[in-house]
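Peer 1: Coordinates in coords_36.pdb, PDB, C-alpha atoms, pLDDT in the B column, are listed below.
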ATOM      1  CA  MET D 269      -0.739 -18.399  33.550  1.00 90.00           C
ATOM      2  CA  ALA D 270       2.796 -19.553  34.174  1.00 91.00           C
ATOM      3  CA  ASP D 271       5.759 -17.365  33.262  1.00 90.00           C
ATOM      4  CA  ALA D 272       6.370 -17.616  29.513  1.00 89.00           C
ATOM      5  CA  GLY D 273      10.132 -17.911  29.930  1.00 92.00           C
ATOM      6  CA  MET D 274      10.943 -14.726  28.054  1.00 89.00           C
ATOM      7  CA  GLY D 275      12.894 -12.988  30.823  1.00 90.00           C
ATOM      8  CA  LEU D 276      10.234 -11.951  33.322  1.00 91.00           C
ATOM      9  CA  GLU D 277      11.624 -14.317  35.998  1.00 92.00           C
ATOM     10  CA  ALA D 278      15.058 -12.695  35.916  1.00 92.00           C
ATOM     11  CA  LEU D 279      13.504  -9.247  36.155  1.00 90.00           C
ATOM     12  CA  ALA D 280      11.181 -10.215  39.042  1.00 94.00           C
ATOM     13  CA  GLU D 281      13.756 -12.211  41.040  1.00 94.00           C
ATOM     14  CA  ASP D 282      17.037 -10.453  40.295  1.00 93.00           C
ATOM     15  CA  GLY D 283      16.104  -7.078  38.860  1.00 92.00           C
ATOM     16  CA  ASP D 284      17.716  -8.031  35.536  1.00 91.00           C
ATOM     17  CA  PRO D 285      15.640  -6.668  32.623  1.00 87.00           C
ATOM     18  CA  SER D 286      18.042  -7.618  29.828  1.00 87.00           C
ATOM     19  CA  GLY D 287      16.403 -10.861  28.733  1.00 87.00           C
ATOM     20  CA  LEU D 288      12.884  -9.424  28.703  1.00 84.00           C
ATOM     21  CA  PHE D 289      14.151  -6.317  26.919  1.00 76.00           C
ATOM     22  CA  THR D 290      15.735  -8.433  24.175  1.00 80.00           C
ATOM     23  CA  TYR D 291      12.517 -10.383  23.670  1.00 78.00           C
ATOM     24  CA  LEU D 292      10.326  -7.272  23.571  1.00 73.00           C
ATOM     25  CA  ASP D 293      12.745  -5.434  21.295  1.00 70.00           C
ATOM     26  CA  GLU D 294      12.517  -8.258  18.752  1.00 65.00           C
ATOM     27  CA  ASN D 295       8.737  -8.620  18.973  1.00 67.00           C
ATOM     28  CA  SER D 296       7.414  -5.077  19.180  1.00 67.00           C
ATOM     29  CA  GLY D 297       7.725  -1.757  17.408  1.00 74.00           C
ATOM     30  CA  PHE D 298       6.000   0.257  14.725  1.00 82.00           C
ATOM     31  CA  VAL D 299       3.628  -1.785  12.556  1.00 83.00           C
ATOM     32  CA  SER D 300       1.292  -0.212  10.010  1.00 92.00           C
ATOM     33  CA  PRO D 301      -0.801  -1.177   7.004  1.00 95.00           C
ATOM     34  CA  PHE D 302      -0.647   0.788   3.766  1.00 97.00           C
ATOM     35  CA  ALA D 303      -3.730   2.491   2.357  1.00 97.00           C
ATOM     36  CA  PRO D 304      -5.180   2.302  -1.158  1.00 98.00           C
ATOM     37  CA  GLY D 305      -3.147   4.437  -3.547  1.00 98.00           C
ATOM     38  CA  VAL D 306      -2.786   5.792  -7.057  1.00 98.00           C
ATOM     39  CA  TRP D 307      -0.442   5.039  -9.956  1.00 98.00           C
ATOM     40  CA  ALA D 308       0.423   6.874 -13.151  1.00 98.00           C
ATOM     41  CA  VAL D 309       2.460   6.143 -16.262  1.00 98.00           C
ATOM     42  CA  HIS D 310       3.804   9.453 -17.474  1.00 97.00           C
ATOM     43  CA  THR D 311       6.357  11.373 -19.492  1.00 95.00           C
ATOM     44  CA  GLY D 312       8.421  14.186 -18.034  1.00 86.00           C
ATOM     45  CA  ASP D 313       8.268  15.029 -14.335  1.00 85.00           C
ATOM     46  CA  MET D 314       6.221  13.096 -11.815  1.00 91.00           C
ATOM     47  CA  PRO D 315       2.609  14.362 -11.770  1.00 96.00           C
ATOM     48  CA  LEU D 316       1.998  13.630  -8.068  1.00 97.00           C
ATOM     49  CA  PHE D 317       4.372  16.016  -6.300  1.00 97.00           C
ATOM     50  CA  THR D 318       7.718  17.821  -6.443  1.00 97.00           C
ATOM     51  CA  ASP D 319      10.367  17.471  -3.754  1.00 97.00           C
ATOM     52  CA  GLY D 320      10.772  20.771  -1.887  1.00 97.00           C
ATOM     53  CA  VAL D 321       7.502  22.238  -3.215  1.00 97.00           C
ATOM     54  CA  ALA D 322       4.170  22.541  -1.406  1.00 97.00           C
ATOM     55  CA  ASP D 323       1.356  20.091  -2.150  1.00 96.00           C
ATOM     56  CA  TYR D 324      -0.381  20.897  -5.456  1.00 96.00           C
ATOM     57  CA  ASN D 325      -3.796  20.736  -3.723  1.00 97.00           C
ATOM     58  CA  GLU D 326      -4.935  18.107  -6.213  1.00 97.00           C
ATOM     59  CA  GLY D 327      -5.697  15.284  -3.803  1.00 98.00           C
ATOM     60  CA  LEU D 328      -2.360  14.242  -2.320  1.00 98.00           C
ATOM     61  CA  GLU D 329      -3.408  15.661   1.056  1.00 97.00           C
ATOM     62  CA  ALA D 330      -6.473  13.393   1.204  1.00 97.00           C
ATOM     63  CA  LEU D 331      -4.335  10.415   0.228  1.00 98.00           C
ATOM     64  CA  SER D 332      -1.542  11.110   2.714  1.00 97.00           C
ATOM     65  CA  GLU D 333      -3.780  12.098   5.661  1.00 96.00           C
ATOM     66  CA  ASP D 334      -6.832   9.875   5.195  1.00 95.00           C
ATOM     67  CA  GLY D 335      -5.734   7.125   2.796  1.00 95.00           C
ATOM     68  CA  ASN D 336      -8.309   8.311   0.241  1.00 96.00           C
ATOM     69  CA  PRO D 337      -6.940   8.248  -3.345  1.00 98.00           C
ATOM     70  CA  ALA D 338     -10.138   9.325  -5.139  1.00 98.00           C
ATOM     71  CA  THR D 339      -9.473  13.045  -5.661  1.00 98.00           C
ATOM     72  CA  LEU D 340      -5.865  12.543  -6.711  1.00 98.00           C
ATOM     73  CA  ALA D 341      -6.893   9.779  -9.124  1.00 98.00           C
ATOM     74  CA  THR D 342      -9.398  12.137 -10.762  1.00 98.00           C
ATOM     75  CA  SER D 343      -6.883  14.966 -11.095  1.00 97.00           C
ATOM     76  CA  LEU D 344      -4.386  12.684 -12.835  1.00 97.00           C
ATOM     77  CA  GLN D 345      -6.860  12.012 -15.627  1.00 96.00           C
ATOM     78  CA  SER D 346      -6.623  15.623 -16.817  1.00 94.00           C
ATOM     79  CA  LYS D 347      -2.819  15.940 -16.873  1.00 95.00           C
ATOM     80  CA  THR D 348      -1.312  16.042 -20.348  1.00 94.00           C
ATOM     81  CA  THR D 349       1.875  14.219 -19.298  1.00 95.00           C
ATOM     82  CA  VAL D 350      -0.064  11.258 -17.867  1.00 97.00           C
ATOM     83  CA  ILE D 351      -0.423   8.387 -20.348  1.00 97.00           C
ATOM     84  CA  SER D 352      -2.550   6.207 -18.065  1.00 97.00           C
ATOM     85  CA  SER D 353      -3.435   6.112 -14.383  1.00 98.00           C
ATOM     86  CA  GLY D 354      -5.550   4.313 -11.861  1.00 98.00           C
ATOM     87  CA  VAL D 355      -6.181   3.268  -8.273  1.00 98.00           C
ATOM     88  CA  PHE D 356      -4.969   0.189  -6.419  1.00 98.00           C
ATOM     89  CA  ASN D 357      -7.303  -0.519  -3.525  1.00 97.00           C
ATOM     90  CA  THR D 358      -8.203  -4.216  -3.348  1.00 97.00           C
ATOM     91  CA  PRO D 359      -5.727  -6.694  -1.850  1.00 97.00           C
ATOM     92  CA  SER D 360      -5.199  -9.777  -3.990  1.00 96.00           C
ATOM     93  CA  GLY D 361      -7.872 -12.360  -3.217  1.00 95.00           C
ATOM     94  CA  ALA D 362     -10.045  -9.923  -1.259  1.00 96.00           C
ATOM     95  CA  SER D 363     -13.708  -9.403  -2.093  1.00 95.00           C
ATOM     96  CA  GLY D 364     -13.505  -5.606  -1.913  1.00 96.00           C
ATOM     97  CA  PRO D 365     -11.303  -2.560  -1.293  1.00 96.00           C
ATOM     98  CA  GLY D 366      -9.293  -2.342   1.904  1.00 96.00           C
ATOM     99  CA  PRO D 367      -5.899  -1.526   3.411  1.00 96.00           C
ATOM    100  CA  LEU D 368      -2.792  -3.580   2.722  1.00 96.00           C
ATOM    101  CA  MET D 369      -2.202  -5.653   5.845  1.00 94.00           C
ATOM    102  CA  PRO D 370       0.968  -7.670   6.588  1.00 89.00           C
ATOM    103  CA  GLY D 371       1.243 -10.625   4.227  1.00 90.00           C
ATOM    104  CA  SER D 372      -1.151  -9.150   1.634  1.00 96.00           C
ATOM    105  CA  THR D 373      -0.453  -7.654  -1.789  1.00 97.00           C
ATOM    106  CA  TYR D 374      -1.823  -5.044  -4.149  1.00 98.00           C
ATOM    107  CA  GLU D 375      -1.381  -5.672  -7.873  1.00 97.00           C
ATOM    108  CA  PHE D 376      -1.993  -3.509 -10.946  1.00 97.00           C
ATOM    109  CA  ILE D 377      -1.142  -3.867 -14.630  1.00 96.00           C
ATOM    110  CA  ILE D 378       0.337  -1.084 -16.760  1.00 95.00           C
ATOM    111  CA  GLU D 379       1.432  -0.616 -20.355  1.00 94.00           C
ATOM    112  CA  ALA D 380       4.472   1.562 -20.976  1.00 93.00           C
ATOM    113  CA  GLU D 381       6.882   2.436 -23.763  1.00 93.00           C
ATOM    114  CA  LYS D 382      10.492   3.554 -23.654  1.00 93.00           C
ATOM    115  CA  GLY D 383      10.818   7.062 -22.294  1.00 92.00           C
ATOM    116  CA  GLN D 384       7.830   6.679 -19.986  1.00 95.00           C
ATOM    117  CA  TYR D 385       7.941   6.462 -16.193  1.00 96.00           C
ATOM    118  CA  LEU D 386       5.885   4.965 -13.384  1.00 97.00           C
ATOM    119  CA  SER D 387       4.893   6.881 -10.272  1.00 98.00           C
ATOM    120  CA  PHE D 388       2.621   5.855  -7.415  1.00 98.00           C
ATOM    121  CA  ALA D 389       1.780   6.843  -3.857  1.00 98.00           C
ATOM    122  CA  THR D 390       0.245   5.055  -0.876  1.00 98.00           C
ATOM    123  CA  MET D 391      -0.242   6.284   2.693  1.00 98.00           C
ATOM    124  CA  LEU D 392       1.594   4.728   5.612  1.00 97.00           C
ATOM    125  CA  VAL D 393      -1.582   4.511   7.665  1.00 95.00           C
ATOM    126  CA  HIS D 394      -0.387   4.916  11.260  1.00 94.00           C
ATOM    127  CA  THR D 395       1.063   8.380  10.567  1.00 96.00           C
ATOM    128  CA  ASN D 396      -0.381  11.847  10.100  1.00 96.00           C
ATOM    129  CA  ASP D 397       0.556  12.595   6.479  1.00 97.00           C
ATOM    130  CA  LEU D 398       3.314  10.257   5.328  1.00 98.00           C
ATOM    131  CA  PHE D 399       3.233   8.375   2.056  1.00 98.00           C
ATOM    132  CA  LEU D 400       5.414   5.928   0.166  1.00 98.00           C
ATOM    133  CA  ALA D 401       6.492   6.890  -3.357  1.00 98.00           C
ATOM    134  CA  PRO D 402       9.515   6.911  -5.654  1.00 97.00           C
ATOM    135  CA  SER D 403      11.555  10.067  -6.208  1.00 95.00           C
ATOM    136  CA  ASP D 404       9.875  12.940  -7.995  1.00 92.00           C
ATOM    137  CA  ASP D 405      11.497  11.782 -11.240  1.00 92.00           C
ATOM    138  CA  GLY D 406       9.364   8.645 -11.195  1.00 95.00           C
ATOM    139  CA  LEU D 407      10.614   5.121 -11.833  1.00 96.00           C
ATOM    140  CA  THR D 408      12.435   4.364 -15.063  1.00 94.00           C
ATOM    141  CA  LEU D 409      10.720   1.382 -16.690  1.00 94.00           C
ATOM    142  CA  TRP D 410      13.442   0.394 -19.174  1.00 92.00           C
ATOM    143  CA  ASN D 411      17.094  -0.605 -18.957  1.00 90.00           C
ATOM    144  CA  GLY D 412      18.179   0.027 -22.514  1.00 89.00           C
ATOM    145  CA  ALA D 413      16.091  -2.301 -24.666  1.00 88.00           C
ATOM    146  CA  SER D 414      14.885  -4.403 -21.724  1.00 92.00           C
ATOM    147  CA  PRO D 415      12.007  -3.624 -19.360  1.00 94.00           C
ATOM    148  CA  VAL D 416      12.813  -3.233 -15.676  1.00 94.00           C
ATOM    149  CA  SER D 417      12.144  -6.440 -13.772  1.00 96.00           C
ATOM    150  CA  GLY D 418      12.231  -7.576 -10.169  1.00 97.00           C
ATOM    151  CA  ASP D 419      12.452  -5.900  -6.782  1.00 98.00           C
ATOM    152  CA  ILE D 420      12.362  -2.083  -6.916  1.00 97.00           C
ATOM    153  CA  THR D 421      11.886  -1.458  -3.184  1.00 98.00           C
ATOM    154  CA  SER D 422      15.271   0.274  -2.912  1.00 97.00           C
ATOM    155  CA  ASN D 423      13.941   3.022  -5.216  1.00 97.00           C
ATOM    156  CA  LEU D 424      11.144   4.006  -2.839  1.00 98.00           C
ATOM    157  CA  TYR D 425      11.105   6.629  -0.093  1.00 98.00           C
ATOM    158  CA  LEU D 426       8.906   7.741   2.793  1.00 98.00           C
ATOM    159  CA  TRP D 427       7.656  11.256   2.101  1.00 98.00           C
ATOM    160  CA  ASP D 428       6.099  13.881   4.366  1.00 98.00           C
ATOM    161  CA  ALA D 429       3.269  15.741   2.631  1.00 98.00           C
ATOM    162  CA  GLY D 430       3.736  18.740   4.940  1.00 97.00           C
ATOM    163  CA  THR D 431      -0.009  19.217   5.426  1.00 97.00           C
ATOM    164  CA  GLU D 432      -0.483  17.935   9.002  1.00 96.00           C
ATOM    165  CA  MET D 433       1.851  18.075  11.988  1.00 96.00           C
ATOM    166  CA  ASN D 434       3.500  14.727  12.661  1.00 96.00           C
ATOM    167  CA  GLU D 435       2.880  12.875  15.900  1.00 94.00           C
ATOM    168  CA  TYR D 436       4.627   9.849  17.379  1.00 92.00           C
ATOM    169  CA  PRO D 437       4.314   7.156  14.685  1.00 92.00           C
ATOM    170  CA  GLY D 438       1.714   4.540  15.490  1.00 90.00           C
ATOM    171  CA  ALA D 439       0.444   6.341  18.605  1.00 87.00           C
ATOM    172  CA  GLY D 440      -0.556   9.885  17.586  1.00 89.00           C
ATOM    173  CA  ILE D 441      -4.092  10.728  18.657  1.00 91.00           C
ATOM    174  CA  HIS D 442      -4.914  12.305  15.264  1.00 92.00           C
ATOM    175  CA  GLN D 443      -3.724   9.418  13.119  1.00 92.00           C
ATOM    176  CA  PRO D 444      -6.462   7.560  11.176  1.00 88.00           C
ATOM    177  CA  ALA D 445      -6.813   4.586  13.541  1.00 78.00           C
ATOM    178  CA  ARG D 446      -7.878   6.985  16.304  1.00 78.00           C
ATOM    179  CA  LEU D 447      -9.204  10.530  15.840  1.00 74.00           C
ATOM    180  CA  ASN D 448      -8.726  12.444  12.620  1.00 72.00           C
ATOM    181  CA  GLY D 449      -8.205  16.142  12.008  1.00 77.00           C
ATOM    182  CA  GLY D 450      -4.754  16.939  13.376  1.00 82.00           C
ATOM    183  CA  VAL D 451      -2.963  20.275  13.424  1.00 91.00           C
ATOM    184  CA  ASP D 452      -2.597  21.704   9.926  1.00 94.00           C
ATOM    185  CA  GLU D 453       0.804  22.792   8.690  1.00 94.00           C
ATOM    186  CA  THR D 454       2.030  24.335   5.454  1.00 94.00           C
ATOM    187  CA  MET D 455       5.416  22.766   4.824  1.00 96.00           C
ATOM    188  CA  ASN D 456       6.971  21.745   1.534  1.00 98.00           C
ATOM    189  CA  ILE D 457       6.976  18.064   0.614  1.00 98.00           C
ATOM    190  CA  GLN D 458      10.184  16.319   1.633  1.00 98.00           C
ATOM    191  CA  MET D 459      11.520  12.943   2.684  1.00 98.00           C
ATOM    192  CA  VAL D 460      10.418  12.456   6.263  1.00 97.00           C
ATOM    193  CA  ASN D 461      12.807  14.063   8.740  1.00 96.00           C
ATOM    194  CA  ASP D 462      10.807  14.788  11.877  1.00 95.00           C
ATOM    195  CA  GLY D 463      13.000  13.343  14.623  1.00 94.00           C
ATOM    196  CA  PHE D 464      10.910  10.188  15.025  1.00 94.00           C
ATOM    197  CA  VAL D 465      12.242   6.718  14.232  1.00 90.00           C
ATOM    198  CA  TYR D 466      10.698   4.722  11.374  1.00 93.00           C
ATOM    199  CA  PRO D 467      11.523   1.208  10.182  1.00 91.00           C
ATOM    200  CA  LEU D 468      13.472   0.656   6.992  1.00 93.00           C
ATOM    201  CA  ILE D 469      11.178   0.602   3.976  1.00 96.00           C
ATOM    202  CA  SER D 470      12.501  -2.835   3.084  1.00 95.00           C
ATOM    203  CA  ASP D 471      11.266  -4.071   6.480  1.00 92.00           C
ATOM    204  CA  ILE D 472       7.662  -3.003   5.911  1.00 93.00           C
ATOM    205  CA  ILE D 473       6.967  -3.511   2.205  1.00 96.00           C
ATOM    206  CA  LYS D 474       8.301  -5.139  -0.955  1.00 97.00           C
ATOM    207  CA  VAL D 475       7.472  -3.805  -4.432  1.00 98.00           C
ATOM    208  CA  THR D 476       8.252  -5.718  -7.619  1.00 97.00           C
ATOM    209  CA  ILE D 477       7.739  -5.265 -11.361  1.00 97.00           C
ATOM    210  CA  THR D 478       7.034  -8.318 -13.513  1.00 95.00           C
ATOM    211  CA  PRO D 479       7.160  -7.833 -17.322  1.00 93.00           C
ATOM    212  CA  MET D 480       4.413  -9.662 -19.190  1.00 86.00           C
TER     213      MET D 480
END
Kindly present the structure from the file in structure tokens form.
Peer 2:
Amino acid sequence: MADAGMGLEALAEDGDPSGLFTYLDENSGFVSPFAPGVWAVHTGDMPLFTDGVADYNEGLEALSEDGNPATLATSLQSKTTVISSGVFNTPSGASGPGPLMPGSTYEFIIEAEKGQYLSFATMLVHTNDLFLAPSDDGLTLWNGASPVSGDITSNLYLWDAGTEMNEYPGAGIHQPARLNGGVDETMNIQMVNDGFVYPLISDIIKVTITPM
């Protein structure tokens, strides 16, 4: 095929990589689906995890390492502070459960009263044990007398479950798209800070609340 005109000619003829670098920089990088996850409406502290504390061993490890929300969803049903909970696992319009690919959406409906919070967690698939969730306070669902509405993406963070050693994002041999069963670790849960570079959350997902 003929040269695509993206800078390869300048590199091959003149040794100038700048044009091709610019093109590749704008059209490559870390891309990952999100896995099925869990949600919970609750009072008090978030029932999924606590920042700076080790995993509760109630299913978050399976969610954050393997994208499997089943055990965590079951454990939420027995917590006294949880008003309601469930799993989101089927992209809108899909015939069955599956990961959230670019351009797709998960949707779930909740009922909540003043003084109650929303928490949820979903694995960033091409990682070892990272998951997306709000802070460990959960999301406030009311602004005074009005329910929260609109884009809440800025209230979400990328968390490290501390249960499996992190590898280069999107290329680690023990991440789910390749082999599983990486090196175990016993670190406390924290916002990811492993020296690797991740995209801004707002560049990889958008989360909204729509009052009904």
Peer 1: Once the PyMOL selection byres ((chain D and resi 303-309) around 8) is applied to the coordinates I shared, what remains selected? I want it as a ChimeraX atom specification.
Peer 2: /D:301-302,310-311,315,331,335-337,340-341,344,350-358,365-368,378-380,384-393
Peer 1: Write out as a list in words which residues come within 7 Å of region 421-438 of chain D when counting only C-alpha atoms, dropping same-chain ones fewer than 5 positions away.
Peer 2: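 That gives Phe298, Asp323, Glu329, Ser332, His394, Thr395, Asn396, Asp397, Leu398, Phe399, Leu400, Ala401, Pro402, Ser403, Gly450, Val451, Asp452, Glu453, Thr454, Met455, Asn456, Ile457, Gln458, Met459, Val460, Phe464, Ser470, Lys474 and Val475 of chain D.
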Peer 1: In Å, rounded to a single decimal, give me how far CA of Phe376 (chain D) is from CA of Gly361 (chain D).
Peer 2: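 The value is 13.1 Å.
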Peer 1: Give me, please, the distance in Å between CA of Thr478 (chain D) and CA of Asn411 (chain D), quoted to one decimal.
Peer 2: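 Going from CA of Thr478 (chain D) over to CA of Asn411 (chain D) covers 13.8 Å.
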Peer 1: Could the centre and edge lengths of an axis-aligned box, enclosing all atoms of region 409-422 of chain D in the file with 4 Å extra on each side, be given in Å to one decimal as AutoDock Vina command-line options?
Peer 2:
--center_x 14.4 --center_y -3.1 --center_z -13.8 --size_x 15.5 --size_y 17.0 --size_z 29.8
Peer 1: Calculate how many Å separate CA of Gly273 (chain D) from CA of Gly371 (chain D), rounding to one decimal.
Peer 2: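 Answer for the CA of Gly273 (chain D) to CA of Gly371 (chain D) separation: 28.2 Å.
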Peer 1: With a distance cut-off of 12 Å and only C-alpha atoms, select the neighbouring residues of Gly412 (chain D), excluding the residue or stretch itself and same-chain residues fewer than 4 positions from it, and output the selection as a PyMOL selection string.
Peer 2: chain D and resi 381-383+408+416
Peer 1: Considering all atoms listed in the file, state which residue in the set D:Glu326, D:Leu407, D:Tyr374, D:Leu276 is at the smallest distance from Gln345 (chain D).
Peer 2: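 Among D:Glu326, D:Leu407, D:Tyr374, D:Leu276, it is D:Glu326 that comes nearest to Gln345 (chain D).
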Peer 1: So which one's closest to Ile377 (chain D), D:Ala362, D:Ala413, D:Met480, D:Leu288? Using only C-alpha atoms, please.
Peer 2: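 The closest residue to Ile377 (chain D) is D:Met480.
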Peer 1: Provide region 308-327 of chain D rebuilt to N, CA, C and O atoms, formatted as a tab-separated table (two decimals), in the coordinates of the input.
Peer 2:
chain	number	residue	atom	x	y	z
D	308	ALA	N	0.48	6.15	-11.88
D	308	ALA	CA	0.42	6.87	-13.15
D	308	ALA	C	1.63	6.53	-14.00
D	308	ALA	O	2.76	6.48	-13.49
D	309	VAL	N	1.39	6.24	-15.26
D	309	VAL	CA	2.46	6.14	-16.26
D	309	VAL	C	2.53	7.50	-16.94
D	309	VAL	O	1.51	8.04	-17.39
D	310	HIS	N	3.72	8.07	-17.02
D	310	HIS	CA	3.80	9.45	-17.47
D	310	HIS	C	5.11	9.71	-18.21
D	310	HIS	O	6.06	8.93	-18.14
D	311	THR	N	5.14	10.83	-18.91
D	311	THR	CA	6.36	11.37	-19.49
D	311	THR	C	6.76	12.59	-18.67
D	311	THR	O	5.94	13.15	-17.94
D	312	GLY	N	8.00	13.00	-18.77
D	312	GLY	CA	8.42	14.19	-18.03
D	312	GLY	C	8.40	13.97	-16.53
D	312	GLY	O	8.54	12.86	-16.04
D	313	ASP	N	8.21	15.07	-15.79
D	313	ASP	CA	8.27	15.03	-14.34
D	313	ASP	C	7.09	14.27	-13.74
D	313	ASP	O	6.02	14.16	-14.35
D	314	MET	N	7.28	13.79	-12.52
D	314	MET	CA	6.22	13.10	-11.82
D	314	MET	C	5.01	14.00	-11.63
D	314	MET	O	5.15	15.17	-11.25
D	315	PRO	N	3.80	13.52	-11.89
D	315	PRO	CA	2.61	14.36	-11.77
D	315	PRO	C	2.04	14.44	-10.36
D	315	PRO	O	1.09	15.20	-10.13
D	316	LEU	N	2.60	13.68	-9.40
D	316	LEU	CA	2.00	13.63	-8.07
D	316	LEU	C	2.50	14.72	-7.14
D	316	LEU	O	1.73	15.29	-6.36
D	317	PHE	N	3.79	15.02	-7.20
D	317	PHE	CA	4.37	16.02	-6.30
D	317	PHE	C	5.77	16.37	-6.78
D	317	PHE	O	6.34	15.69	-7.65
D	318	THR	N	6.34	17.43	-6.19
D	318	THR	CA	7.72	17.82	-6.44
D	318	THR	C	8.43	17.99	-5.11
D	318	THR	O	7.92	18.66	-4.21
D	319	ASP	N	9.57	17.36	-4.97
D	319	ASP	CA	10.37	17.47	-3.75
D	319	ASP	C	10.71	18.93	-3.49
D	319	ASP	O	11.18	19.65	-4.38
D	320	GLY	N	10.44	19.41	-2.26
D	320	GLY	CA	10.77	20.77	-1.89
D	320	GLY	C	9.73	21.80	-2.27
D	320	GLY	O	9.95	23.00	-2.08
D	321	VAL	N	8.59	21.35	-2.80
D	321	VAL	CA	7.50	22.24	-3.22
D	321	VAL	C	6.24	21.85	-2.44
D	321	VAL	O	6.03	20.67	-2.14
D	322	ALA	N	5.40	22.82	-2.14
D	322	ALA	CA	4.17	22.54	-1.41
D	322	ALA	C	3.24	21.65	-2.22
D	322	ALA	O	3.31	21.59	-3.45
D	323	ASP	N	2.37	20.94	-1.52
D	323	ASP	CA	1.36	20.09	-2.15
D	323	ASP	C	0.59	20.88	-3.21
D	323	ASP	O	0.26	22.04	-3.02
D	324	TYR	N	0.31	20.23	-4.35
D	324	TYR	CA	-0.38	20.90	-5.46
D	324	TYR	C	-1.86	21.16	-5.17
D	324	TYR	O	-2.55	21.77	-5.97
D	325	ASN	N	-2.37	20.63	-4.06
D	325	ASN	CA	-3.80	20.74	-3.72
D	325	ASN	C	-4.67	20.05	-4.78
D	325	ASN	O	-5.71	20.55	-5.17
D	326	GLU	N	-4.21	18.88	-5.20
D	326	GLU	CA	-4.93	18.11	-6.21
D	326	GLU	C	-5.35	16.72	-5.70
D	326	GLU	O	-5.75	15.86	-6.48
D	327	GLY	N	-5.26	16.54	-4.37
D	327	GLY	CA	-5.70	15.28	-3.80
D	327	GLY	C	-4.66	14.52	-3.02
D	327	GLY	O	-4.98	13.54	-2.34
